[in-house]
Structures are given as C-alpha cells and as structure tokens.
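Trainee: One file is attached below, data-v2.cif, containing mmCIF, C-alpha atoms.
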data_data
#
loop_
_atom_site.group_PDB
_atom_site.id
_atom_site.type_symbol
_atom_site.label_atom_id
_atom_site.label_comp_id
_atom_site.auth_asym_id
_atom_site.auth_seq_id
_atom_site.Cartn_x
_atom_site.Cartn_y
_atom_site.Cartn_z
ATOM 1 C CA MET K 14 12.353 9.476 -19.073
ATOM 2 C CA ASP K 15 14.253 8.947 -15.810
ATOM 3 C CA VAL K 16 11.422 10.407 -13.733
ATOM 4 C CA GLN K 17 8.831 8.383 -15.667
ATOM 5 C CA ARG K 18 10.630 5.097 -15.021
ATOM 6 C CA PHE K 19 11.154 6.097 -11.388
ATOM 7 C CA ILE K 20 7.394 6.595 -10.927
ATOM 8 C CA GLN K 21 6.509 3.417 -12.841
ATOM 9 C CA VAL K 22 8.687 1.242 -10.615
ATOM 10 C CA PHE K 23 8.337 2.949 -7.243
ATOM 11 C CA GLY K 24 5.130 5.029 -7.430
ATOM 12 C CA GLY K 25 2.824 2.527 -5.724
ATOM 13 C CA MET K 26 5.246 1.899 -2.883
ATOM 14 C CA ILE K 27 5.783 5.642 -2.245
ATOM 15 C CA LEU K 28 2.017 6.160 -1.975
ATOM 16 C CA HIS K 29 1.858 3.330 0.537
ATOM 17 C CA SER K 30 4.686 4.627 2.757
ATOM 18 C CA THR K 31 6.281 7.952 1.839
ATOM 19 C CA PRO K 32 9.386 7.672 4.097
ATOM 20 C CA HIS K 33 10.516 4.716 1.999
ATOM 21 C CA LEU K 34 11.165 7.185 -0.800
ATOM 22 C CA TYR K 35 14.503 7.629 0.987
ATOM 23 C CA VAL K 36 14.824 4.355 2.893
ATOM 24 C CA SER K 37 14.029 1.934 0.052
ATOM 25 C CA VAL K 38 13.795 3.726 -3.303
ATOM 26 C CA LEU K 39 17.153 5.466 -3.628
ATOM 27 C CA PRO K 40 19.225 2.356 -2.797
ATOM 28 C CA PHE K 41 17.517 0.276 -5.500
ATOM 29 C CA SER K 42 17.530 2.969 -8.204
ATOM 30 C CA PRO K 43 19.999 2.186 -11.036
ATOM 31 C CA ALA K 44 23.428 3.647 -10.340
ATOM 32 C CA ASN K 45 23.456 5.727 -13.542
ATOM 33 C CA SER K 46 19.946 7.147 -13.131
ATOM 34 C CA LEU K 47 19.855 10.928 -12.746
ATOM 35 C CA LEU K 48 17.912 10.819 -9.480
ATOM 36 C CA SER K 49 20.285 8.290 -7.966
ATOM 37 C CA ARG K 50 23.420 10.203 -8.921
ATOM 38 C CA LYS K 51 22.022 13.458 -7.563
ATOM 39 C CA PHE K 52 20.428 12.341 -4.306
ATOM 40 C CA SER K 53 21.990 9.065 -3.111
ATOM 41 C CA VAL K 54 25.053 10.788 -1.668
ATOM 42 C CA ARG K 55 22.785 12.945 0.488
ATOM 43 C CA PHE K 56 21.262 9.911 2.194
ATOM 44 C CA PRO K 57 24.172 7.722 3.296
ATOM 45 C CA ASN K 58 22.411 6.007 6.220
ATOM 46 C CA THR K 59 20.231 3.661 4.176
ATOM 47 C CA LEU K 60 20.711 0.133 2.927
ATOM 48 C CA ARG K 61 23.258 -0.271 0.141
ATOM 49 C CA VAL K 62 23.285 -2.792 -2.699
ATOM 50 C CA ALA K 63 26.755 -4.254 -2.154
ATOM 51 C CA SER K 64 26.683 -6.272 -5.381
ATOM 52 C CA GLY K 65 24.235 -6.958 -8.183
ATOM 53 C CA ARG K 66 22.855 -3.406 -8.478
ATOM 54 C CA ASP K 67 21.417 -2.342 -11.844
ATOM 55 C CA ILE K 68 23.571 0.196 -13.656
ATOM 56 C CA ASN K 69 20.802 1.471 -15.950
ATOM 57 C CA TRP K 70 17.028 1.068 -16.024
ATOM 58 C CA PRO K 71 16.321 -2.486 -17.256
ATOM 59 C CA ALA K 72 14.536 -2.992 -20.561
ATOM 60 C CA VAL K 73 11.816 -4.893 -18.712
ATOM 61 C CA GLN K 74 9.919 -2.211 -16.831
ATOM 62 C CA THR K 75 8.482 -4.520 -14.187
ATOM 63 C CA ALA K 76 7.475 -8.113 -13.493
ATOM 64 C CA LEU K 77 3.848 -8.875 -12.631
ATOM 65 C CA ARG K 78 3.718 -11.651 -10.042
ATOM 66 C CA GLY K 79 0.669 -13.286 -8.509
ATOM 67 C CA HIS K 80 -0.461 -16.218 -10.643
ATOM 68 C CA THR K 81 0.457 -19.637 -9.305
ATOM 69 C CA TYR K 82 0.686 -21.349 -12.694
ATOM 70 C CA SER K 83 1.498 -20.520 -16.319
ATOM 71 C CA VAL K 84 0.087 -17.296 -17.805
ATOM 72 C CA LEU K 85 -1.731 -18.267 -21.005
ATOM 73 C CA SER K 86 -3.281 -14.987 -22.198
ATOM 74 C CA VAL K 87 -2.605 -11.253 -21.737
ATOM 75 C CA SER K 88 -4.460 -8.152 -22.947
ATOM 76 C CA PHE K 89 -4.247 -4.370 -22.434
ATOM 77 C CA SER K 90 -7.351 -2.286 -21.702
ATOM 78 C CA PRO K 91 -8.383 0.144 -24.488
ATOM 79 C CA ASP K 92 -7.006 3.131 -22.546
ATOM 80 C CA GLY K 93 -3.750 1.316 -21.740
ATOM 81 C CA THR K 94 -4.048 1.719 -17.966
ATOM 82 C CA ARG K 95 -4.840 -1.890 -17.058
ATOM 83 C CA ILE K 96 -3.715 -5.371 -18.015
ATOM 84 C CA VAL K 97 -5.786 -8.545 -17.761
ATOM 85 C CA THR K 98 -4.197 -11.991 -17.592
ATOM 86 C CA GLY K 99 -5.555 -15.536 -17.722
ATOM 87 C CA SER K 100 -3.699 -18.439 -16.182
ATOM 88 C CA GLY K 101 -3.472 -22.175 -15.771
ATOM 89 C CA ASP K 102 -4.338 -21.619 -12.094
ATOM 90 C CA ASN K 103 -7.972 -21.106 -13.284
ATOM 91 C CA THR K 104 -8.023 -17.411 -12.374
ATOM 92 C CA VAL K 105 -8.104 -14.049 -14.133
ATOM 93 C CA ARG K 106 -6.197 -11.088 -12.713
ATOM 94 C CA LEU K 107 -6.263 -7.349 -13.324
ATOM 95 C CA TRP K 108 -3.104 -5.237 -13.054
ATOM 96 C CA ASN K 109 -2.210 -1.552 -12.985
ATOM 97 C CA ALA K 110 -0.191 -1.128 -16.182
ATOM 98 C CA GLY K 111 1.742 1.814 -14.738
ATOM 99 C CA THR K 112 2.931 0.267 -11.469
ATOM 100 C CA GLY K 113 2.569 -3.462 -12.123
ATOM 101 C CA GLU K 114 0.547 -3.865 -8.932
ATOM 102 C CA PRO K 115 -2.531 -6.155 -8.889
ATOM 103 C CA VAL K 116 -5.976 -4.513 -8.909
ATOM 104 C CA GLY K 117 -8.266 -6.276 -6.458
ATOM 105 C CA GLU K 118 -8.436 -10.023 -5.892
ATOM 106 C CA PRO K 119 -8.226 -12.727 -8.606
ATOM 107 C CA LEU K 120 -11.392 -13.346 -10.631
ATOM 108 C CA ARG K 121 -12.537 -16.919 -10.053
ATOM 109 C CA GLY K 122 -15.177 -19.159 -11.520
ATOM 110 C CA HIS K 123 -13.538 -21.193 -14.277
ATOM 111 C CA ALA K 124 -12.998 -24.869 -13.496
ATOM 112 C CA GLU K 125 -9.966 -25.214 -15.777
ATOM 113 C CA SER K 126 -7.219 -23.108 -17.318
ATOM 114 C CA VAL K 127 -8.138 -19.658 -18.646
ATOM 115 C CA THR K 128 -6.754 -19.616 -22.183
ATOM 116 C CA SER K 129 -8.154 -16.339 -23.567
ATOM 117 C CA VAL K 130 -8.884 -12.897 -22.075
ATOM 118 C CA SER K 131 -9.969 -9.591 -23.628
ATOM 119 C CA PHE K 132 -11.445 -6.212 -22.632
ATOM 120 C CA SER K 133 -14.674 -4.858 -24.074
ATOM 121 C CA PRO K 134 -14.175 -1.783 -26.325
ATOM 122 C CA ASP K 135 -15.294 0.553 -23.518
ATOM 123 C CA GLY K 136 -13.011 -1.138 -20.974
ATOM 124 C CA THR K 137 -15.788 -1.877 -18.467
ATOM 125 C CA ARG K 138 -15.976 -5.636 -18.949
ATOM 126 C CA ILE K 139 -13.682 -8.592 -19.508
ATOM 127 C CA VAL K 140 -14.525 -11.706 -21.497
ATOM 128 C CA THR K 141 -12.662 -14.924 -20.756
ATOM 129 C CA GLY K 142 -12.452 -18.324 -22.416
ATOM 130 C CA SER K 143 -11.430 -21.533 -20.681
ATOM 131 C CA ASP K 144 -10.659 -25.204 -21.179
ATOM 132 C CA ASP K 145 -13.804 -25.874 -19.113
ATOM 133 C CA ASN K 146 -15.785 -25.121 -22.325
ATOM 134 C CA THR K 147 -17.308 -21.879 -20.977
ATOM 135 C CA VAL K 148 -17.002 -18.183 -21.711
ATOM 136 C CA ARG K 149 -17.399 -15.803 -18.769
ATOM 137 C CA LEU K 150 -18.172 -12.104 -18.672
ATOM 138 C CA CYS K 151 -16.511 -10.218 -15.810
ATOM 139 C CA ASP K 152 -16.822 -6.725 -14.395
ATOM 140 C CA ALA K 153 -13.541 -4.883 -15.042
ATOM 141 C CA VAL K 154 -14.204 -2.432 -12.194
ATOM 142 C CA MET K 155 -13.728 -4.522 -9.081
ATOM 143 C CA SER K 156 -14.914 -3.186 -5.734
ATOM 144 C CA GLN K 157 -15.527 -6.364 -3.762
ATOM 145 C CA PRO K 158 -12.802 -8.286 -1.874
ATOM 146 C CA SER K 159 -13.601 -11.493 -3.760
ATOM 147 C CA GLN K 160 -14.832 -11.559 -7.348
ATOM 148 C CA TYR K 161 -16.535 -14.137 -9.536
ATOM 149 C CA CYS K 162 -17.272 -14.019 -13.249
ATOM 150 C CA ALA K 163 -20.758 -14.610 -14.651
ATOM 151 C CA VAL K 164 -20.727 -17.799 -16.694
ATOM 152 C CA SER K 165 -22.388 -17.921 -20.086
ATOM 153 C CA ASP K 166 -23.744 -21.421 -19.424
ATOM 154 C CA PRO K 167 -26.174 -21.407 -16.400
ATOM 155 C CA SER K 168 -25.627 -25.130 -15.893
ATOM 156 C CA ALA K 169 -21.898 -24.732 -15.418
ATOM 157 C CA SER K 170 -20.350 -24.956 -11.961
ATOM 158 C CA SER K 171 -19.394 -21.738 -10.176
ATOM 159 C CA ASN K 172 -17.568 -23.332 -7.233
ATOM 160 C CA GLU K 173 -14.696 -21.380 -5.743
ATOM 161 C CA HIS K 174 -11.308 -22.654 -6.774
ATOM 162 C CA ARG K 175 -7.813 -22.318 -5.416
ATOM 163 C CA VAL K 176 -7.103 -19.056 -3.567
ATOM 164 C CA MET K 177 -3.767 -17.385 -4.166
ATOM 165 C CA HIS K 178 -1.879 -16.620 -0.953
ATOM 166 C CA PRO K 179 1.215 -14.410 -0.669
ATOM 167 C CA THR K 180 4.401 -16.452 -0.686
ATOM 168 C CA PRO K 181 6.665 -15.400 2.176
ATOM 169 C CA MET K 182 10.365 -16.104 2.082
ATOM 170 C CA THR K 183 12.289 -16.761 5.268
ATOM 171 C CA LEU K 184 15.330 -14.606 5.897
ATOM 172 C CA ASN K 185 18.269 -15.845 7.891
ATOM 173 C CA THR K 186 18.740 -14.350 11.349
ATOM 174 C CA TRP K 187 21.746 -13.696 13.503
ATOM 175 C CA ASN K 188 21.110 -14.476 17.178
ATOM 176 C CA ASN K 189 17.477 -13.391 16.702
ATOM 177 C CA HIS K 190 18.620 -9.783 17.007
ATOM 178 C CA THR K 191 20.642 -9.056 13.889
ATOM 179 C CA ILE K 192 19.655 -9.917 10.322
ATOM 180 C CA CYS K 193 21.953 -10.145 7.344
ATOM 181 C CA PHE K 194 21.214 -10.044 3.610
ATOM 182 C CA SER K 195 24.722 -10.903 2.546
ATOM 183 C CA SER K 196 27.234 -13.717 2.822
ATOM 184 C CA ASN K 197 29.310 -11.266 4.884
ATOM 185 C CA SER K 198 28.050 -10.723 8.455
ATOM 186 C CA ILE K 199 29.631 -7.245 8.441
ATOM 187 C CA HIS K 200 26.658 -6.237 6.267
ATOM 188 C CA ALA K 201 24.130 -7.214 8.947
ATOM 189 C CA LEU K 202 21.505 -4.790 10.228
ATOM 190 C CA ARG K 203 22.373 -3.479 13.686
ATOM 191 C CA ASN K 204 20.111 -2.374 16.552
ATOM 192 C CA THR K 205 17.057 -4.433 15.640
ATOM 193 C CA SER K 206 15.557 -4.294 19.136
ATOM 194 C CA GLU K 207 12.966 -1.764 17.954
ATOM 195 C CA LEU K 208 11.735 -4.213 15.321
ATOM 196 C CA THR K 209 11.255 -7.019 17.850
ATOM 197 C CA ASP K 210 10.047 -4.870 20.762
ATOM 198 C CA GLY K 211 6.635 -6.020 21.948
ATOM 199 C CA ALA K 212 6.641 -9.119 19.746
ATOM 200 C CA SER K 213 5.385 -12.380 21.219
ATOM 201 C CA HIS K 214 7.582 -15.430 21.732
ATOM 202 C CA ASP K 215 6.134 -16.990 18.574
ATOM 203 C CA ASP K 216 6.960 -13.845 16.600
ATOM 204 C CA ARG K 217 10.526 -14.092 17.859
ATOM 205 C CA SER K 218 11.019 -17.425 16.130
ATOM 206 C CA SER K 219 14.332 -18.376 14.576
ATOM 207 C CA ASN K 220 13.355 -16.598 11.333
ATOM 208 C CA PRO K 221 10.969 -13.719 12.124
ATOM 209 C CA PHE K 222 11.761 -11.563 9.063
ATOM 210 C CA VAL K 223 10.005 -12.344 5.785
ATOM 211 C CA LEU K 224 9.928 -11.042 2.223
ATOM 212 C CA ASN K 225 6.512 -11.137 0.583
ATOM 213 C CA VAL K 226 7.498 -11.834 -3.024
ATOM 214 C CA ASN K 227 4.183 -10.433 -4.294
ATOM 215 C CA SER K 228 4.115 -7.097 -2.474
ATOM 216 C CA GLY K 229 7.897 -6.695 -2.178
ATOM 217 C CA TRP K 230 7.857 -5.642 1.479
ATOM 218 C CA VAL K 231 10.391 -7.063 3.900
ATOM 219 C CA ALA K 232 8.652 -7.106 7.272
ATOM 220 C CA GLY K 233 9.577 -8.131 10.782
ATOM 221 C CA PRO K 234 7.513 -9.239 13.789
ATOM 222 C CA LYS K 235 4.090 -7.589 14.124
ATOM 223 C CA HIS K 236 4.303 -6.788 10.382
ATOM 224 C CA ARG K 237 6.699 -3.860 10.878
ATOM 225 C CA LEU K 238 7.987 -2.766 7.468
ATOM 226 C CA LEU K 239 11.753 -2.739 7.102
ATOM 227 C CA PHE K 240 12.238 -1.909 3.419
ATOM 228 C CA TRP K 241 10.732 -2.534 -0.036
ATOM 229 C CA VAL K 242 12.303 -4.495 -2.888
ATOM 230 C CA PRO K 243 11.322 -3.607 -6.491
ATOM 231 C CA PRO K 244 9.995 -6.455 -8.674
ATOM 232 C CA ALA K 245 13.130 -6.790 -10.813
ATOM 233 C CA SER K 246 15.261 -7.398 -7.695
ATOM 234 C CA ARG K 247 13.040 -9.891 -5.845
ATOM 235 C CA HIS K 248 13.905 -13.068 -7.707
ATOM 236 C CA PRO K 249 17.564 -13.274 -6.589
ATOM 237 C CA PHE K 250 16.395 -13.326 -2.960
ATOM 238 C CA TYR K 251 14.427 -16.522 -3.262
ATOM 239 C CA ASN K 252 16.089 -19.874 -2.703
ATOM 240 C CA PRO K 253 13.437 -22.528 -1.878
ATOM 241 C CA VAL K 254 16.023 -25.066 -0.713
ATOM 242 C CA THR K 255 17.572 -23.071 2.133
ATOM 243 C CA THR K 256 16.809 -20.115 4.379
ATOM 244 C CA LEU K 257 19.835 -18.234 3.113
ATOM 245 C CA VAL K 258 18.686 -14.936 1.682
ATOM 246 C CA ILE K 259 21.380 -14.246 -0.879
ATOM 247 C CA PRO K 260 22.648 -17.049 -3.143
ATOM 248 C CA ARG K 261 26.392 -16.830 -3.603
ATOM 249 C CA GLY K 262 27.179 -14.421 -6.428
ATOM 250 C CA GLY K 263 23.693 -12.905 -6.407
ATOM 251 C CA LEU K 264 22.268 -9.622 -5.169
ATOM 252 C CA GLU K 265 23.753 -8.641 -1.800
ATOM 253 C CA LEU K 266 22.564 -5.881 0.527
ATOM 254 C CA ASP K 267 24.648 -4.015 3.060
ATOM 255 C CA LEU K 268 22.386 -3.020 5.982
ATOM 256 C CA SER K 269 25.145 -2.002 8.382
ATOM 257 C CA ARG K 270 24.411 1.736 8.128
ATOM 258 C CA MET K 271 20.683 1.513 7.556
ATOM 259 C CA VAL K 272 18.445 3.425 9.965
ATOM 260 C CA HIS K 273 14.900 2.147 10.349
ATOM 261 C CA GLY K 274 11.694 2.348 12.337
ATOM 262 C CA GLN K 275 11.179 5.655 14.128
ATOM 263 C CA HIS K 276 14.755 6.634 13.327
ATOM 264 C CA TRP K 277 14.284 6.592 9.554
ATOM 265 C CA GLN K 278 14.615 10.406 9.383
ATOM 266 C CA LYS K 279 18.298 10.030 10.278
ATOM 267 C CA CYS K 280 18.943 8.542 6.842
ATOM 268 C CA ARG K 281 20.157 11.948 5.703
ATOM 269 C CA GLU K 282 23.617 12.955 6.790
ATOM 270 C CA VAL K 283 23.620 15.775 9.332
ATOM 271 C CA PRO K 284 25.785 18.718 8.125
#
Translate this file's structure into structure tokens.
Mentor:
Amino acid sequence: MDVQRFIQVFGGMILHSTPHLYVSVLPFSPANSLLSRKFSVRFPNTLRVASGRDINWPAVQTALRGHTYSVLSVSFSPDGTRIVTGSGDNTVRLWNAGTGEPVGEPLRGHAESVTSVSFSPDGTRIVTGSDDNTVRLCDAVMSQPSQYCAVSDPSASSNEHRVMHPTPMTLNTWNNHTICFSSNSIHALRNTSELTDGASHDDRSSNPFVLNVNSGWVAGPKHRLLFWVPPASRHPFYNPVTTLVIPRGGLELDLSRMVHGQHWQKCREVP
C-alpha cells in the first residue's frame, strides 16, 4: 500500500525529472510512511518540511486542479484509468486517475456551463451536456494541442472560449539572491547564484521564483526547476493578498541544507 500511494502521488513527477525522487519526493512523503522512515535519513541535504508535514498518507489521494470555475460533473472511464470533468468554466477536462495529472488540453466548444459528462462504454468517446442546450460528442483520446467537441446541433456556435492559463504564485525573495519559504530567514535557501546565472535583468526581478499551482513545480529564472510540491501541499502556499509564501501557522519549508541544480547529487550524505 505504501509503494502504491507513493507512485500515485509522485509517479508523474519522477518520470518528468528523476533526480527529484531524492530532492523533492522524500521530503514531502508522510513521516510515518515506510519509504520515508527508511530512506530520508540517508539524504539529509534536501529541503525539510519544518512544520505542517503529513504524518500519514491523507485519505484524499490527490487534488485535481485546472478548472477555473465550479466542477459540476465527474465520471470515471470504464477501465478506471481516466476521469472526465465538466465545469462552469465551459470546458471539459480529462485526467489520469492514477497520478491526478491532466491529459491534454481542455475540451472547448460549449458556450455555457458543462453540467453532465460521461464516457462511452468502450471508453473512446465522451458525451457532454451543457446549459447552452447542446450535447457534444468528444474524442477521449486526445492527440492535438487544442481540442474541440463536435456539437450535436450544426447551427450551434463553436467559438473558442476562455483558455485556462497556469496560475503562478510569487515567492518572496531575500536580496534577490536568497529565497525563503518560512517566516524564519534561517530556513532560506543559500547559494542561489547558479539559479540566477545567465538570467536577464527582467528575470532578476524582485520576485523571480514562482510556484505553478497546476503543475506543482517551483521554478526560478529561465524556468530552472528547484523542487516539486505534491497537490495536497500546494494550497497552504497560496496567499493572493501578499507575496509571502507561508501564511503564519501553515506549511513551512527549511531550505538551508538543500542542494540544487548541478549539485543535486550531493543530497546524500558522504560516508
């Protein structure tokens, strides 16, 4: 069970960037998980969750984020590998049921809220119903970067509607060289020159580090990946009123010993 939950939460990220198996995954694994208890002590030079870390695997396996308005309908594919959702943002989205990651781009075409979604028995098509008084049939195997559903009424409009963009969150910076994810500056990441090396003046703005709340990656200038945050831990980071990363009493990260960039291999303690 521990390995299964580990793969469900972190599998997609590990496939994207294997070194983050050590840099990002172990620190965010629940403290009582078997893999965390066995391997975390062997990799001391990574980020540490100073407060707010999960003790056990949460009951909610993952949170699927991407819609920009209320989710009105959800359905599993017949084989259980995909999820389809319909939303008040007028789009339909497909998700990988194992990792929680989106599959392709949103399906567009409805002019109003999508109130009903369902897979065909063979899992190859999706049927959707909307407040725009139309039913649309969609291909459940998406290969194009932008997808539209075929409308059942030829006279209905098929104009493109709102496009979902990733929502970045600004992280506070310390002298443009040191970043901190805690109310305590002792927890700040040291030696960030490698992250900003070669970046333009615009990239070196007052807040050059961002968290993409959809993908979970914290990236610096020139899109250099710093670490990955699992879905269940992303919400405490976001405070739309300020640029402070960690609300008081929320999740806090200690980056003071974290190695990164080309030095990631030093995350394991040398005997």
Trainee: Quick one: pull the distance between CA of Ala63 (chain K) and CA of Ser49 (chain K), Å, one decimal.
Mentor: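 Between these atoms lies a distance of 15.3 Å.
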Trainee: Would you write out, as a PyMOL selection string, every residue that the PyMOL selection byres ((chain K and resi 127) around 7) captures in this file?
Mentor: chain K and resi 85+99-101+103-104+125-126+128-129+141-144
Trainee: Residues at most 7 Å from Cys280 (chain K), counting all atoms listed in the file, excluding those fewer than 4 positions away in the same chain, as a PyMOL selection string?
Mentor: chain K and resi 56-59+272
Trainee: Report the residues retrieved by the PyMOL selection byres ((chain K and resi 94) around 12) from the displayed file, expressed as number ranges by chain.
Mentor: K: 21, 88-93, 95-97, 107-114, 116, 132, 136, 153
Trainee: So what does the PyMOL selection byres ((chain K and resi 52) around 12) actually pick up in this one, as an MDAnalysis selection string?
Mentor: chainID K and resid 34:35 38:40 42 44:51 53:57 280:282
Trainee: For those residues, write C-alpha atoms to a file as a PDB file, in the coordinates of the input.
Mentor:
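Done, and the output landed in result.pdb:
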ATOM      1  CA  LEU K  34      11.165   7.185  -0.800  1.00  0.00           C
ATOM      2  CA  TYR K  35      14.503   7.629   0.987  1.00  0.00           C
ATOM      3  CA  VAL K  38      13.795   3.726  -3.303  1.00  0.00           C
ATOM      4  CA  LEU K  39      17.153   5.466  -3.628  1.00  0.00           C
ATOM      5  CA  PRO K  40      19.225   2.356  -2.797  1.00  0.00           C
ATOM      6  CA  SER K  42      17.530   2.969  -8.204  1.00  0.00           C
ATOM      7  CA  ALA K  44      23.428   3.647 -10.340  1.00  0.00           C
ATOM      8  CA  ASN K  45      23.456   5.727 -13.542  1.00  0.00           C
ATOM      9  CA  SER K  46      19.946   7.147 -13.131  1.00  0.00           C
ATOM     10  CA  LEU K  47      19.855  10.928 -12.746  1.00  0.00           C
ATOM     11  CA  LEU K  48      17.912  10.819  -9.480  1.00  0.00           C
ATOM     12  CA  SER K  49      20.285   8.290  -7.966  1.00  0.00           C
ATOM     13  CA  ARG K  50      23.420  10.203  -8.921  1.00  0.00           C
ATOM     14  CA  LYS K  51      22.022  13.458  -7.563  1.00  0.00           C
ATOM     15  CA  SER K  53      21.990   9.065  -3.111  1.00  0.00           C
ATOM     16  CA  VAL K  54      25.053  10.788  -1.668  1.00  0.00           C
ATOM     17  CA  ARG K  55      22.785  12.945   0.488  1.00  0.00           C
ATOM     18  CA  PHE K  56      21.262   9.911   2.194  1.00  0.00           C
ATOM     19  CA  PRO K  57      24.172   7.722   3.296  1.00  0.00           C
ATOM     20  CA  CYS K 280      18.943   8.542   6.842  1.00  0.00           C
ATOM     21  CA  ARG K 281      20.157  11.948   5.703  1.00  0.00           C
ATOM     22  CA  GLU K 282      23.617  12.955   6.790  1.00  0.00           C
TER      23      GLU K 282
END
Trainee: Provide the CA of His200 (chain K) to CA of Arg270 (chain K) distance in Å, to one decimal place.
Mentor: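 CA of His200 (chain K) sits 8.5 Å away from CA of Arg270 (chain K).
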Trainee: K:Arg149, K:Arg237, K:Arg61, K:Ala245: which is nearest Ser30 (chain K), counting only C-alpha atoms?
Mentor: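 So, comparing all the options, the nearest one is K:Arg237.
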Trainee: When distances are computed from only C-alpha atoms, which of K:Gly117, K:Pro234, K:Gly229, K:Pro244 shows the smallest separation from Thr205 (chain K)?
Mentor: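 So, comparing all the options, the nearest one is K:Pro234.
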Trainee: Using all atoms listed in the file, pick whichever of K:Cys193, K:Leu224, K:Ala124, K:Val105 has the shortest atom-to-atom distance to Cys151 (chain K).
Mentor: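 The shortest atom-to-atom distance to Cys151 (chain K) comes from K:Val105.
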Trainee: Would you compute, for all listed atoms of region 107-125 of chain K, the axis-aligned bounding box grown by 8 Å on each side, and then report its centre and edge lengths in Å rounded to one decimal, as lines of an AutoDock Vina configuration file?
Mentor:
center_x = -6.1
center_y = -11.7
center_z = -11.0
size_x = 34.1
size_y = 43.0
size_z = 26.3
Trainee: Quote the spacing between CA of Ser83 (chain K) and CA of Glu265 (chain K) in Å to one decimal place.
Mentor: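 For CA of Ser83 (chain K) relative to CA of Glu265 (chain K), the distance reads 29.1 Å.
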Trainee: Counting all atoms listed in the file, figure out which residue out of K:Asp145, K:Thr98, K:Pro32, K:Asn197 gets nearest to Lys279 (chain K).
Mentor: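 Ranked by minimum distance to Lys279 (chain K), first place goes to K:Pro32.
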Trainee: Skipping near chain neighbours, those fewer than 6 positions away, what residues fall within 9 Å of Leu202 (chain K) using all atoms listed in the file, listed as an NGL selection string?
Mentor: :K and (60 or 190-194 or 267-272)
Trainee: Given the selection you just returned, output its residues as a file containing C-alpha atoms, formatted as a compact mmCIF listing (two decimals), in the frame of the given file.
Mentor:
# COMPACT_ATOMS: atom_id res chain seq x y z
CA LEU K 60 20.71 0.13 2.93
CA HIS K 190 18.62 -9.78 17.01
CA THR K 191 20.64 -9.06 13.89
CA ILE K 192 19.66 -9.92 10.32
CA CYS K 193 21.95 -10.14 7.34
CA PHE K 194 21.21 -10.04 3.61
CA ASP K 267 24.65 -4.01 3.06
CA LEU K 268 22.39 -3.02 5.98
CA SER K 269 25.14 -2.00 8.38
CA ARG K 270 24.41 1.74 8.13
CA MET K 271 20.68 1.51 7.56
CA VAL K 272 18.44 3.42 9.96
Trainee: Using only C-alpha atoms, can you tell me which of K:Thr81, K:Ser228, K:Asn146, K:Ser195 comes closest to Ser64 (chain K)?
Mentor: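 For Ser64 (chain K), the nearest of the candidates is K:Ser195.
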